[in-house]
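Next comes upload-v3.pdb, with PDB, C-alpha atoms and all ligand atoms.
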```
ATOM      1  CA  MET V   1     181.809  78.440 172.297
ATOM      2  CA  PHE V   2     183.232  75.052 171.485
ATOM      3  CA  LYS V   3     180.442  72.624 170.723
ATOM      4  CA  ARG V   4     181.516  69.035 170.641
ATOM      5  CA  PHE V   5     179.810  67.165 167.837
ATOM      6  CA  ARG V   6     180.974  63.627 168.488
ATOM      7  CA  ARG V   7     179.577  61.896 171.535
ATOM      8  CA  THR V   8     181.838  59.758 173.689
ATOM      9  CA  ARG V   9     181.034  56.086 173.269
ATOM     10  CA  LEU V  10     180.093  54.791 176.686
ATOM     11  CA  ASN V  11     181.022  51.342 177.886
ATOM     12  CA  LYS V  12     178.461  48.895 179.202
ATOM     13  CA  HIS V  13     178.946  49.916 182.817
ATOM     14  CA  LEU V  14     178.446  53.587 182.140
ATOM     15  CA  ARG V  15     175.505  52.914 179.834
ATOM     16  CA  SER V  16     173.666  51.263 182.686
ATOM     17  CA  LEU V  17     174.653  54.038 185.106
ATOM     18  CA  VAL V  18     173.024  56.664 182.893
ATOM     19  CA  ARG V  19     170.021  54.650 181.663
ATOM     20  CA  GLU V  20     166.878  56.728 182.135
ATOM     21  CA  THR V  21     164.257  53.997 182.265
ATOM     22  CA  SER V  22     164.078  50.566 183.810
ATOM     23  CA  VAL V  23     161.585  47.752 184.074
ATOM     24  CA  SER V  24     161.075  45.985 187.370
ATOM     25  CA  VAL V  25     158.898  43.092 188.448
ATOM     26  CA  GLU V  26     157.176  45.537 190.780
ATOM     27  CA  ASP V  27     155.750  47.467 187.828
ATOM     28  CA  PHE V  28     153.406  44.653 186.834
ATOM     29  CA  ILE V  29     149.841  43.546 187.339
ATOM     30  CA  TYR V  30     149.060  40.100 185.933
ATOM     31  CA  PRO V  31     145.558  39.327 184.581
ATOM     32  CA  LEU V  32     143.820  36.135 185.751
ATOM     33  CA  PHE V  33     140.592  34.670 184.376
ATOM     34  CA  VAL V  34     138.552  32.638 186.809
ATOM     35  CA  ARG V  35     135.568  30.382 186.313
ATOM     36  CA  SER V  36     133.713  27.853 188.417
ATOM     37  CA  GLY V  37     134.661  24.205 188.743
ATOM     38  CA  GLU V  38     137.708  22.386 190.000
ATOM     39  CA  GLY V  39     141.022  21.473 188.432
ATOM     40  CA  ILE V  40     140.221  23.463 185.317
ATOM     41  CA  LYS V  41     143.052  25.145 183.438
ATOM     42  CA  THR V  42     142.163  25.716 179.810
ATOM     43  CA  GLU V  43     144.573  27.443 177.483
ATOM     44  CA  VAL V  44     143.114  30.083 175.190
ATOM     45  CA  SER V  45     143.995  29.285 171.588
ATOM     46  CA  SER V  46     144.351  32.922 170.575
ATOM     47  CA  MET V  47     146.614  33.618 173.573
ATOM     48  CA  PRO V  48     149.109  30.799 174.162
ATOM     49  CA  GLY V  49     150.233  30.893 177.795
ATOM     50  CA  VAL V  50     146.972  32.420 179.029
ATOM     51  CA  PHE V  51     144.390  30.231 180.758
ATOM     52  CA  GLN V  52     140.874  30.204 182.098
ATOM     53  CA  MET V  53     141.203  28.716 185.580
ATOM     54  CA  SER V  54     138.996  27.395 188.295
ATOM     55  CA  ILE V  55     139.572  29.034 191.680
ATOM     56  CA  ASP V  56     141.752  26.200 193.044
ATOM     57  CA  GLU V  57     144.035  26.542 190.016
ATOM     58  CA  ALA V  58     144.099  30.332 190.371
ATOM     59  CA  ILE V  59     145.242  29.879 193.960
ATOM     60  CA  LYS V  60     148.095  27.638 192.790
ATOM     61  CA  GLU V  61     148.936  30.166 190.105
ATOM     62  CA  CYS V  62     149.243  32.916 192.725
ATOM     63  CA  GLY V  63     151.826  30.761 194.512
ATOM     64  CA  GLU V  64     153.813  30.577 191.257
ATOM     65  CA  LEU V  65     153.474  34.315 190.714
ATOM     66  CA  LYS V  66     154.809  35.098 194.171
ATOM     67  CA  LYS V  67     157.857  32.923 193.518
ATOM     68  CA  LEU V  68     158.544  35.175 190.540
ATOM     69  CA  GLY V  69     158.117  38.284 192.670
ATOM     70  CA  LEU V  70     154.732  39.134 191.189
ATOM     71  CA  TYR V  71     152.366  40.241 193.948
ATOM     72  CA  SER V  72     149.630  42.001 191.946
ATOM     73  CA  ILE V  73     146.843  40.474 189.899
ATOM     74  CA  ILE V  74     143.738  41.760 188.162
ATOM     75  CA  LEU V  75     140.812  39.363 188.229
ATOM     76  CA  PHE V  76     138.235  38.711 185.535
ATOM     77  CA  GLY V  77     135.301  36.414 186.179
ATOM     78  CA  ILE V  78     133.546  34.116 183.765
ATOM     79  CA  PRO V  79     130.159  33.241 185.273
ATOM     80  CA  ASP V  80     128.193  30.052 184.665
ATOM     81  CA  VAL V  81     125.055  31.997 183.914
ATOM     82  CA  LYS V  82     124.790  35.267 182.050
ATOM     83  CA  ASP V  83     121.651  37.413 181.950
ATOM     84  CA  SER V  84     120.533  40.837 180.784
ATOM     85  CA  ILE V  85     121.872  42.759 183.799
ATOM     86  CA  GLY V  86     124.865  40.595 184.738
ATOM     87  CA  SER V  87     123.406  39.389 188.061
ATOM     88  CA  ASP V  88     126.381  37.149 188.817
ATOM     89  CA  ALA V  89     128.521  40.254 189.228
ATOM     90  CA  LEU V  90     126.119  41.654 191.818
ATOM     91  CA  CYS V  91     125.966  38.561 193.969
ATOM     92  CA  GLU V  92     128.140  37.829 196.986
ATOM     93  CA  HIS V  93     128.384  34.251 195.767
ATOM     94  CA  GLY V  94     129.134  35.147 192.173
ATOM     95  CA  ILE V  95     132.344  33.902 190.596
ATOM     96  CA  ILE V  96     134.342  37.046 191.231
ATOM     97  CA  ALA V  97     133.365  37.411 194.883
ATOM     98  CA  GLU V  98     134.192  33.746 195.526
ATOM     99  CA  ALA V  99     137.520  34.110 193.713
ATOM    100  CA  ILE V 100     138.586  37.201 195.669
ATOM    101  CA  ARG V 101     137.664  35.633 199.010
ATOM    102  CA  SER V 102     139.391  32.329 198.279
ATOM    103  CA  ILE V 103     142.550  33.898 196.890
ATOM    104  CA  LYS V 104     142.888  36.419 199.723
ATOM    105  CA  LYS V 105     142.374  33.664 202.266
ATOM    106  CA  VAL V 106     145.345  31.649 201.002
ATOM    107  CA  HIS V 107     147.397  34.615 199.777
ATOM    108  CA  PRO V 108     146.662  37.633 201.974
ATOM    109  CA  ASP V 109     149.871  39.199 200.662
ATOM    110  CA  MET V 110     148.588  39.160 197.071
ATOM    111  CA  PHE V 111     147.310  42.568 195.904
ATOM    112  CA  VAL V 112     144.008  41.786 194.212
ATOM    113  CA  VAL V 113     142.625  44.277 191.716
ATOM    114  CA  THR V 114     139.154  43.639 190.292
ATOM    115  CA  ASP V 115     137.949  44.582 186.849
ATOM    116  CA  LEU V 116     134.547  46.174 187.335
ATOM    117  CA  CYS V 117     132.360  45.814 184.276
ATOM    118  CA  PHE V 118     129.298  43.928 183.071
ATOM    119  CA  CYS V 119     130.342  42.580 179.672
ATOM    120  CA  GLU V 120     131.556  39.238 181.019
ATOM    121  CA  TYR V 121     128.311  38.804 182.944
ATOM    122  CA  THR V 122     125.633  39.911 180.474
ATOM    123  CA  ASP V 123     124.085  37.622 177.865
ATOM    124  CA  HIS V 124     124.350  40.407 175.259
ATOM    125  CA  GLY V 125     128.035  41.010 176.069
ATOM    126  CA  HIS V 126     127.786  44.781 176.458
ATOM    127  CA  CYS V 127     129.402  46.652 179.333
ATOM    128  CA  GLY V 128     126.132  47.670 180.991
ATOM    129  CA  ILE V 129     122.360  47.524 180.976
ATOM    130  CA  ILE V 130     120.813  47.841 177.524
ATOM    131  CA  ASP V 131     118.400  50.585 176.640
ATOM    132  CA  GLU V 132     116.128  48.454 174.421
ATOM    133  CA  VAL V 133     114.665  51.399 172.565
ATOM    134  CA  HIS V 134     117.973  52.830 171.446
ATOM    135  CA  GLU V 135     119.845  49.517 171.315
ATOM    136  CA  THR V 136     122.706  51.013 173.257
ATOM    137  CA  VAL V 137     123.995  50.924 176.807
ATOM    138  CA  ASP V 138     121.972  52.929 179.304
ATOM    139  CA  ASN V 139     124.722  54.909 181.017
ATOM    140  CA  ASP V 140     122.839  55.986 184.126
ATOM    141  CA  ALA V 141     121.047  52.703 184.745
ATOM    142  CA  THR V 142     124.471  51.040 184.572
ATOM    143  CA  LEU V 143     125.884  53.528 187.073
ATOM    144  CA  GLU V 144     123.169  52.562 189.548
ATOM    145  CA  ILE V 145     124.221  48.913 189.651
ATOM    146  CA  SER V 146     127.947  49.616 189.343
ATOM    147  CA  GLY V 147     128.070  50.915 192.910
ATOM    148  CA  GLN V 148     126.575  47.596 193.992
ATOM    149  CA  GLN V 149     129.231  45.645 192.090
ATOM    150  CA  ALA V 150     131.969  47.712 193.747
ATOM    151  CA  ILE V 151     130.609  46.879 197.203
ATOM    152  CA  VAL V 152     130.526  43.168 196.334
ATOM    153  CA  HIS V 153     134.222  43.374 195.394
ATOM    154  CA  ALA V 154     135.072  45.427 198.455
ATOM    155  CA  LYS V 155     133.292  43.100 200.885
ATOM    156  CA  ALA V 156     134.992  40.092 199.351
ATOM    157  CA  GLY V 157     138.365  41.702 200.061
ATOM    158  CA  ALA V 158     139.501  43.427 196.851
ATOM    159  CA  ASP V 159     142.495  45.724 197.266
ATOM    160  CA  MET V 160     141.665  48.017 194.347
ATOM    161  CA  ILE V 161     138.683  48.446 192.035
ATOM    162  CA  ALA V 162     139.229  49.026 188.324
ATOM    163  CA  PRO V 163     136.108  50.104 186.419
ATOM    164  CA  SER V 164     136.553  49.321 182.727
ATOM    165  CA  GLY V 165     133.140  50.005 181.240
ATOM    166  CA  MET V 166     133.694  53.619 180.172
ATOM    167  CA  MET V 167     130.410  54.823 181.660
ATOM    168  CA  ASP V 168     130.350  58.582 182.142
ATOM    169  CA  GLY V 169     130.433  59.657 185.758
ATOM    170  CA  ILE V 170     131.358  56.222 187.099
ATOM    171  CA  ILE V 171     134.310  57.320 189.205
ATOM    172  CA  GLU V 172     132.227  59.761 191.216
ATOM    173  CA  VAL V 173     129.498  57.156 191.707
ATOM    174  CA  LEU V 174     131.931  54.464 192.837
ATOM    175  CA  ARG V 175     133.823  56.795 195.136
ATOM    176  CA  THR V 176     130.594  57.895 196.774
ATOM    177  CA  SER V 177     129.262  54.341 197.173
ATOM    178  CA  LEU V 178     132.539  53.024 198.542
ATOM    179  CA  ASP V 179     132.885  55.911 200.986
ATOM    180  CA  LYS V 180     129.309  55.473 202.205
ATOM    181  CA  ALA V 181     129.905  51.796 202.838
ATOM    182  CA  GLY V 182     133.026  52.553 204.861
ATOM    183  CA  TYR V 183     135.608  51.816 202.182
ATOM    184  CA  GLU V 184     137.115  55.306 202.096
ATOM    185  CA  ASN V 185     140.594  53.925 201.602
ATOM    186  CA  LEU V 186     139.855  51.466 198.836
ATOM    187  CA  PRO V 187     141.585  52.901 195.754
ATOM    188  CA  ILE V 188     140.073  53.187 192.288
ATOM    189  CA  MET V 189     142.142  52.627 189.176
ATOM    190  CA  SER V 190     140.110  53.965 186.292
ATOM    191  CA  TYR V 191     140.310  52.607 182.775
ATOM    192  CA  SER V 192     140.071  56.318 182.080
ATOM    193  CA  THR V 193     141.159  56.508 178.449
ATOM    194  CA  LYS V 194     139.965  53.339 176.792
ATOM    195  CA  PHE V 195     139.607  53.139 173.057
ATOM    196  CA  ALA V 196     137.171  51.153 170.945
ATOM    197  CA  SER V 197     139.859  48.825 169.659
ATOM    198  CA  GLY V 198     140.366  45.788 167.486
ATOM    199  CA  TYR V 199     143.171  44.784 169.839
ATOM    200  CA  TYR V 200     140.708  43.326 172.376
ATOM    201  CA  GLY V 201     139.773  40.437 170.064
ATOM    202  CA  PRO V 202     141.568  37.583 171.871
ATOM    203  CA  PHE V 203     140.382  38.815 175.302
ATOM    204  CA  ARG V 204     136.799  38.398 174.207
ATOM    205  CA  ASP V 205     137.581  34.742 173.468
ATOM    206  CA  VAL V 206     138.957  34.219 176.973
ATOM    207  CA  ALA V 207     136.310  36.211 178.758
ATOM    208  CA  GLU V 208     133.566  34.983 176.438
ATOM    209  CA  SER V 209     132.342  38.559 176.153
ATOM    210  CA  THR V 210     131.946  39.369 172.466
ATOM    211  CA  PRO V 211     128.889  41.646 172.079
ATOM    212  CA  SER V 212     125.968  39.801 170.470
ATOM    213  CA  PHE V 213     124.955  42.911 168.511
ATOM    214  CA  GLY V 214     126.595  46.216 167.605
ATOM    215  CA  ASP V 215     129.979  47.169 169.060
ATOM    216  CA  ARG V 216     131.351  49.214 171.943
ATOM    217  CA  SER V 217     132.043  52.375 169.992
ATOM    218  CA  THR V 218     129.164  54.292 171.584
ATOM    219  CA  TYR V 219     130.909  54.183 174.960
ATOM    220  CA  GLN V 220     134.553  53.435 174.181
ATOM    221  CA  MET V 221     136.637  56.136 172.534
ATOM    222  CA  ASP V 222     137.443  56.986 168.963
ATOM    223  CA  PRO V 223     141.148  56.237 168.292
ATOM    224  CA  ALA V 224     141.300  59.379 166.168
ATOM    225  CA  ASN V 225     140.649  61.778 169.049
ATOM    226  CA  ARG V 226     143.592  63.068 171.013
ATOM    227  CA  ARG V 227     141.940  65.904 172.937
ATOM    228  CA  GLU V 228     138.980  63.788 173.965
ATOM    229  CA  ALA V 229     141.424  61.128 175.189
ATOM    230  CA  ILE V 230     143.116  63.628 177.475
ATOM    231  CA  ALA V 231     139.806  65.108 178.647
ATOM    232  CA  GLU V 232     138.480  61.668 179.674
ATOM    233  CA  SER V 233     141.434  61.080 181.978
ATOM    234  CA  VAL V 234     141.387  64.606 183.361
ATOM    235  CA  SER V 235     137.691  64.170 184.156
ATOM    236  CA  ASP V 236     138.373  60.935 186.071
ATOM    237  CA  GLU V 237     141.128  62.644 188.044
ATOM    238  CA  LEU V 238     138.638  65.342 189.050
ATOM    239  CA  GLN V 239     136.039  62.723 190.014
ATOM    240  CA  GLY V 240     138.460  61.130 192.450
ATOM    241  CA  ALA V 241     140.285  58.355 190.613
ATOM    242  CA  ASP V 242     143.574  57.306 192.228
ATOM    243  CA  ILE V 243     145.237  55.875 189.143
ATOM    244  CA  LEU V 244     144.555  56.580 185.473
ATOM    245  CA  MET V 245     144.985  54.232 182.532
ATOM    246  CA  VAL V 246     145.486  54.206 178.804
ATOM    247  CA  LYS V 247     144.291  51.120 176.956
ATOM    248  CA  PRO V 248     145.433  49.629 174.615
ATOM    249  CA  ALA V 249     149.043  50.574 175.202
ATOM    250  CA  LEU V 250     151.246  50.321 172.146
ATOM    251  CA  ALA V 251     149.265  52.267 169.587
ATOM    252  CA  TYR V 252     148.557  54.994 172.169
ATOM    253  CA  LEU V 253     151.901  55.787 173.783
ATOM    254  CA  ASP V 254     151.640  59.416 172.686
ATOM    255  CA  LEU V 255     148.627  59.710 174.980
ATOM    256  CA  VAL V 256     150.332  57.980 177.870
ATOM    257  CA  ARG V 257     152.886  60.772 177.782
ATOM    258  CA  GLU V 258     150.361  63.535 177.308
ATOM    259  CA  ILE V 259     148.050  62.349 180.067
ATOM    260  CA  LYS V 260     151.001  61.850 182.390
ATOM    261  CA  ASP V 261     151.949  65.472 181.806
ATOM    262  CA  ALA V 262     148.379  66.794 181.988
ATOM    263  CA  THR V 263     147.495  65.151 185.325
ATOM    264  CA  SER V 264     149.247  64.435 188.586
ATOM    265  CA  LEU V 265     148.118  60.849 189.125
ATOM    266  CA  PRO V 266     150.075  57.632 188.599
ATOM    267  CA  MET V 267     149.504  56.070 185.187
ATOM    268  CA  ALA V 268     148.832  52.518 184.153
ATOM    269  CA  VAL V 269     148.892  51.025 180.681
ATOM    270  CA  TYR V 270     146.988  47.919 179.666
ATOM    271  CA  ASN V 271     149.134  45.923 177.261
ATOM    272  CA  VAL V 272     146.096  44.148 175.818
ATOM    273  CA  SER V 273     145.359  40.705 174.454
ATOM    274  CA  GLY V 274     145.857  41.542 170.775
ATOM    275  CA  GLU V 275     149.240  43.115 171.515
ATOM    276  CA  TYR V 276     150.246  39.983 173.393
ATOM    277  CA  ALA V 277     149.006  37.707 170.609
ATOM    278  CA  MET V 278     150.949  39.617 167.947
ATOM    279  CA  LEU V 279     154.273  39.154 169.700
ATOM    280  CA  LYS V 280     153.459  35.605 170.743
ATOM    281  CA  PHE V 281     152.666  34.394 167.247
ATOM    282  CA  ALA V 282     155.529  36.331 165.669
ATOM    283  CA  GLY V 283     157.858  34.727 168.215
ATOM    284  CA  LYS V 284     156.441  31.242 167.698
ATOM    285  CA  ASN V 285     157.098  31.596 163.994
ATOM    286  CA  ASP V 286     160.671  32.777 164.613
ATOM    287  CA  LEU V 287     159.932  36.101 162.993
ATOM    288  CA  ILE V 288     161.310  38.073 165.931
ATOM    289  CA  ASP V 289     163.625  37.573 168.895
ATOM    290  CA  TYR V 290     160.691  37.223 171.284
ATOM    291  CA  ASP V 291     162.374  38.002 174.625
ATOM    292  CA  ARG V 292     164.160  40.995 173.226
ATOM    293  CA  VAL V 293     161.020  42.452 171.629
ATOM    294  CA  VAL V 294     158.996  41.885 174.801
ATOM    295  CA  MET V 295     161.569  43.783 176.883
ATOM    296  CA  GLU V 296     161.806  46.557 174.308
ATOM    297  CA  THR V 297     158.023  46.881 174.440
ATOM    298  CA  MET V 298     157.960  47.043 178.246
ATOM    299  CA  ILE V 299     160.662  49.725 178.258
ATOM    300  CA  SER V 300     158.610  51.757 175.790
ATOM    301  CA  PHE V 301     155.696  51.801 178.250
ATOM    302  CA  LYS V 302     157.904  53.029 181.061
ATOM    303  CA  ARG V 303     159.586  55.612 178.836
ATOM    304  CA  ALA V 304     156.185  56.946 177.785
ATOM    305  CA  GLY V 305     155.338  57.526 181.439
ATOM    306  CA  ALA V 306     153.616  54.386 182.680
ATOM    307  CA  ASP V 307     154.071  53.548 186.352
ATOM    308  CA  ILE V 308     152.070  50.334 186.157
ATOM    309  CA  ILE V 309     151.996  47.776 183.345
ATOM    310  CA  ILE V 310     149.079  45.364 183.151
ATOM    311  CA  SER V 311     150.375  42.599 180.931
ATOM    312  CA  TYR V 312     149.995  38.943 180.005
ATOM    313  CA  HIS V 313     153.777  39.012 179.552
ATOM    314  CA  ALA V 314     154.357  39.710 183.262
ATOM    315  CA  LYS V 315     155.483  36.171 184.155
ATOM    316  CA  GLU V 316     157.847  35.968 181.202
ATOM    317  CA  VAL V 317     159.276  39.376 182.022
ATOM    318  CA  ALA V 318     159.778  38.372 185.652
ATOM    319  CA  LYS V 319     161.709  35.302 184.499
ATOM    320  CA  MET V 320     163.835  37.398 182.135
ATOM    321  CA  LEU V 321     164.606  39.850 184.921
ATOM    322  CA  GLN V 322     165.633  37.008 187.230
ATOM    323  CA  LYS V 323     168.097  35.774 184.619
ATOM    324  CA  SER V 324     169.667  39.132 183.827
TER     325      SER V 324
HETATM  326  C1  LIG K 401     136.027  44.640 179.966
HETATM  327  C2  LIG K 401     137.456  44.582 179.578
HETATM  328  C3  LIG K 401     138.010  44.335 178.301
HETATM  329  C4  LIG K 401     139.390  44.301 178.465
HETATM  330  C5  LIG K 401     139.642  44.551 179.809
HETATM  331  N1  LIG K 401     138.438  44.731 180.472
HETATM  332  C6  LIG K 401     137.357  44.026 177.025
HETATM  333  C7  LIG K 401     136.640  45.024 176.246
HETATM  334  O1  LIG K 401     136.483  46.176 176.611
HETATM  335  O2  LIG K 401     136.141  44.586 175.210
HETATM  336  C8  LIG K 401     140.368  44.042 177.358
HETATM  337  C9  LIG K 401     141.654  43.450 177.758
HETATM  338  C10 LIG K 401     142.450  42.841 176.677
HETATM  339  O3  LIG K 401     142.148  42.913 175.471
HETATM  340  O4  LIG K 401     143.449  42.239 177.047
HETATM  341  N2  LIG K 401     135.395  45.823 179.652
HETATM  342 ZN    ZN K 402     133.118  45.697 179.595
END
```
Turn the structure described in the file into structure tokens.
Amino acid sequence: MFKRFRRTRLNKHLRSLVRETSVSVEDFIYPLFVRSGEGIKTEVSSMPGVFQMSIDEAIKECGELKKLGLYSIILFGIPDVKDSIGSDALCEHGIIAEAIRSIKKVHPDMFVVTDLCFCEYTDHGHCGIIDEVHETVDNDATLEISGQQAIVHAKAGADMIAPSGMMDGIIEVLRTSLDKAGYENLPIMSYSTKFASGYYGPFRDVAESTPSFGDRSTYQMDPANRREAIAESVSDELQGADILMVKPALAYLDLVREIKDATSLPMAVYNVSGEYAMLKFAGKNDLIDYDRVVMETMISFKRAGADIIISYHAKEVAKMLQKS
């Protein structure tokens, strides 16, 4: 049989007709960091373009996001007071509950996802209650209060809950608590495959959540383990998660593909703070064509199998898409 060895060079029109992957503004969830006060909008030095905002500013920001076609946010709270169990996260008048309520009131059409964890709310900066004897997080004690945190988010009007603490068994616990409280249709997006990563550095500046001792490697995953990474996501699918996630994104795209193929749930990637900072500072120093590299990066997430991209670049991408 004749096998043609030279491929026809396609023109621009045909190249876009046959393109396999595309990026759309609808793929994105934009992270917002809220704190108490009024008129506060403080840029984070390690993440130019990312701000800690008071609730009134976050409400304004949502207006800007909607103009760009961005209708999904994920909220992180920075409380005034931190303590050993992260009480602010369990209180109906805590920062996150107030933020959800206020944002939904002004922007009912905004899809509000909440990050469910304790590290921003604890004085030790770990993702759960500390087992003093073993100087590590007490998985099951943390599960007990996680259900409570989920109900606080749900009551305040969250549209989706995203547990990020990597506690074993959390999806089942949250699903059960939410169902019992009448929130059977509130979806859970699990940070199902989350690695212990150096790429979270800048986030911990914004969220003021650097652990005061030790690190998170007892509960977050070892970057060297592929099979464990897949098993963690498969387990969360079985426990009732609605959406799975790989985090960070760029160094783990092999696993985005593998988990996409091994499960039947939609997949999210978290394009984390350190990934953002790398491109930002390379761009600022004219080392790369920033817009082009950002788009290339976003396409790589979609090509790997991501349905949802959580990214600090979302606004910039939306603007680029409007122009093109
Ligand atoms: C909280 C949480 C973290 C991120 C999202 N949720 C920090 C961490 O686990 O240390 C990281 C996001 C980023 O780096 O952009 N558990
Ligand atoms: Zn955490």
List, as a PDB file with C-alpha atoms, keeping the file's coordinate frame, every residue that the PyMOL selection byres (((not hetatm)) within 7 of (chain K and resi 401)) selects in the file provided.
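Dumped to part-v4.pdb:
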```
ATOM      1  CA  ASP V 115     137.949  44.582 186.849  1.00  0.00           C
ATOM      2  CA  CYS V 117     132.360  45.814 184.276  1.00  0.00           C
ATOM      3  CA  CYS V 119     130.342  42.580 179.672  1.00  0.00           C
ATOM      4  CA  CYS V 127     129.402  46.652 179.333  1.00  0.00           C
ATOM      5  CA  SER V 164     136.553  49.321 182.727  1.00  0.00           C
ATOM      6  CA  GLY V 165     133.140  50.005 181.240  1.00  0.00           C
ATOM      7  CA  TYR V 199     143.171  44.784 169.839  1.00  0.00           C
ATOM      8  CA  TYR V 200     140.708  43.326 172.376  1.00  0.00           C
ATOM      9  CA  GLY V 201     139.773  40.437 170.064  1.00  0.00           C
ATOM     10  CA  PRO V 202     141.568  37.583 171.871  1.00  0.00           C
ATOM     11  CA  PHE V 203     140.382  38.815 175.302  1.00  0.00           C
ATOM     12  CA  ARG V 204     136.799  38.398 174.207  1.00  0.00           C
ATOM     13  CA  ASN V 271     149.134  45.923 177.261  1.00  0.00           C
ATOM     14  CA  VAL V 272     146.096  44.148 175.818  1.00  0.00           C
ATOM     15  CA  SER V 273     145.359  40.705 174.454  1.00  0.00           C
ATOM     16  CA  GLY V 274     145.857  41.542 170.775  1.00  0.00           C
TER      17      GLY V 274
END
```
Evaluate the PyMOL selection byres (((chain V and resi 253) around 12) and not hetatm) and report residues as a PyMOL selection string: chain V and resi 193+226+229+245-252+254-260+267-271+297-306
Selection from above, C-alpha atoms, as an mmCIF file, in the frame of the given file, can you write it?
```
data_model
loop_
_atom_site.group_PDB
_atom_site.id
_atom_site.type_symbol
_atom_site.label_atom_id
_atom_site.label_comp_id
_atom_site.auth_asym_id
_atom_site.auth_seq_id
_atom_site.Cartn_x
_atom_site.Cartn_y
_atom_site.Cartn_z
ATOM 1 C CA THR V 193 141.159 56.508 178.449
ATOM 2 C CA ARG V 226 143.592 63.068 171.013
ATOM 3 C CA ALA V 229 141.424 61.128 175.189
ATOM 4 C CA MET V 245 144.985 54.232 182.532
ATOM 5 C CA VAL V 246 145.486 54.206 178.804
ATOM 6 C CA LYS V 247 144.291 51.120 176.956
ATOM 7 C CA PRO V 248 145.433 49.629 174.615
ATOM 8 C CA ALA V 249 149.043 50.574 175.202
ATOM 9 C CA LEU V 250 151.246 50.321 172.146
ATOM 10 C CA ALA V 251 149.265 52.267 169.587
ATOM 11 C CA TYR V 252 148.557 54.994 172.169
ATOM 12 C CA ASP V 254 151.640 59.416 172.686
ATOM 13 C CA LEU V 255 148.627 59.710 174.980
ATOM 14 C CA VAL V 256 150.332 57.980 177.870
ATOM 15 C CA ARG V 257 152.886 60.772 177.782
ATOM 16 C CA GLU V 258 150.361 63.535 177.308
ATOM 17 C CA ILE V 259 148.050 62.349 180.067
ATOM 18 C CA LYS V 260 151.001 61.850 182.390
ATOM 19 C CA MET V 267 149.504 56.070 185.187
ATOM 20 C CA ALA V 268 148.832 52.518 184.153
ATOM 21 C CA VAL V 269 148.892 51.025 180.681
ATOM 22 C CA TYR V 270 146.988 47.919 179.666
ATOM 23 C CA ASN V 271 149.134 45.923 177.261
ATOM 24 C CA THR V 297 158.023 46.881 174.440
ATOM 25 C CA MET V 298 157.960 47.043 178.246
ATOM 26 C CA ILE V 299 160.662 49.725 178.258
ATOM 27 C CA SER V 300 158.610 51.757 175.790
ATOM 28 C CA PHE V 301 155.696 51.801 178.250
ATOM 29 C CA LYS V 302 157.904 53.029 181.061
ATOM 30 C CA ARG V 303 159.586 55.612 178.836
ATOM 31 C CA ALA V 304 156.185 56.946 177.785
ATOM 32 C CA GLY V 305 155.338 57.526 181.439
ATOM 33 C CA ALA V 306 153.616 54.386 182.680
#
```
Using only C-alpha atoms, can you tell me which of V:Met167, V:Val44, V:Ala97, V:Cys91 comes closest to Tyr191 of chain V? V:Met167
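Proximity to ligand ZN 402 (chain K) was assessed for V:His13, V:Arg175, V:His124, V:Lys315 counting all atoms listed in the file; the smallest distance is recorded for V:His124.
Of the residues under consideration (V:Glu228, V:Glu296, V:Asp80, V:Glu120), V:Glu120 shows the shortest atom-to-atom contact distance to ligand ZN 402 (chain K) when counting only C-alpha atoms and all ligand atoms.
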Write out as a ChimeraX atom specification the residues lying within 7 Å of Tyr312 of chain V, counting all atoms listed in the file and excluding same-chain residues fewer than 4 positions away. /V:30-31,276
Which of V:Glu208, V:Asp56, V:Asp286, V:Glu316 sits closest to ligand ZN 402 (chain K) [using all atoms listed in the file]: V:Glu208
Run the PyMOL selection byres (((chain V and resi 37) around 10) and not hetatm) on the file and write out the hits as a PyMOL selection string. chain V and resi 34-36+38-41+53-57+80
Rounded to one decimal, what separation in Å do you get between atom CA of Met160 of chain V and atom CA of Leu186 of chain V?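 For atom CA of Met160 of chain V relative to atom CA of Leu186 of chain V, the distance reads 5.9 Å.
Between atom CA of Gly240 of chain V and atom CA of Arg227 of chain V the separation is 20.4 Å.
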Between V:Leu279, V:Ile130, V:Met110, V:Leu65, which is the closest to Val294 of chain V once you count only C-alpha atoms? V:Leu279
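The space between atom CA of Gly69 of chain V and atom CA of Glu26 of chain V spans 7.6 Å.
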Given only C-alpha atoms as the counted atoms, nearest of V:Ile170, V:Glu43, V:Gly94, V:Ser24 to Leu70 of chain V: V:Ser24
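By chain and then residue number, the residues within 7 Å of Ile29 of chain V are Pro31, Ser72, Ile73, Ile74, Ile309, Ile310 and Ser311 of chain V, counting all atoms listed in the file and disregarding those fewer than 2 positions away in sequence.
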Please write segment 256-260 of chain V of the preceding block to a file containing N, CA and C atoms, as a short mmCIF file (atom, residue, chain, number, x, y, z; two decimals), in the first residue's frame?
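Final file, decode-v9.cif:
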```cif
data_model
loop_
_atom_site.label_atom_id
_atom_site.label_comp_id
_atom_site.auth_asym_id
_atom_site.auth_seq_id
_atom_site.Cartn_x
_atom_site.Cartn_y
_atom_site.Cartn_z
N VAL V 256 -2.45 13.83 35.37
CA VAL V 256 -3.75 14.35 34.94
C VAL V 256 -4.31 13.38 33.89
N ARG V 257 -3.46 13.04 32.94
CA ARG V 257 -3.90 12.11 31.89
C ARG V 257 -4.26 10.74 32.46
N GLU V 258 -3.40 10.23 33.32
CA GLU V 258 -3.65 8.88 33.83
C GLU V 258 -4.90 8.80 34.68
N ILE V 259 -5.11 9.83 35.50
CA ILE V 259 -6.29 9.81 36.38
C ILE V 259 -7.55 10.03 35.54
N LYS V 260 -7.43 10.85 34.52
CA LYS V 260 -8.57 11.05 33.62
C LYS V 260 -8.98 9.71 33.00
#
```
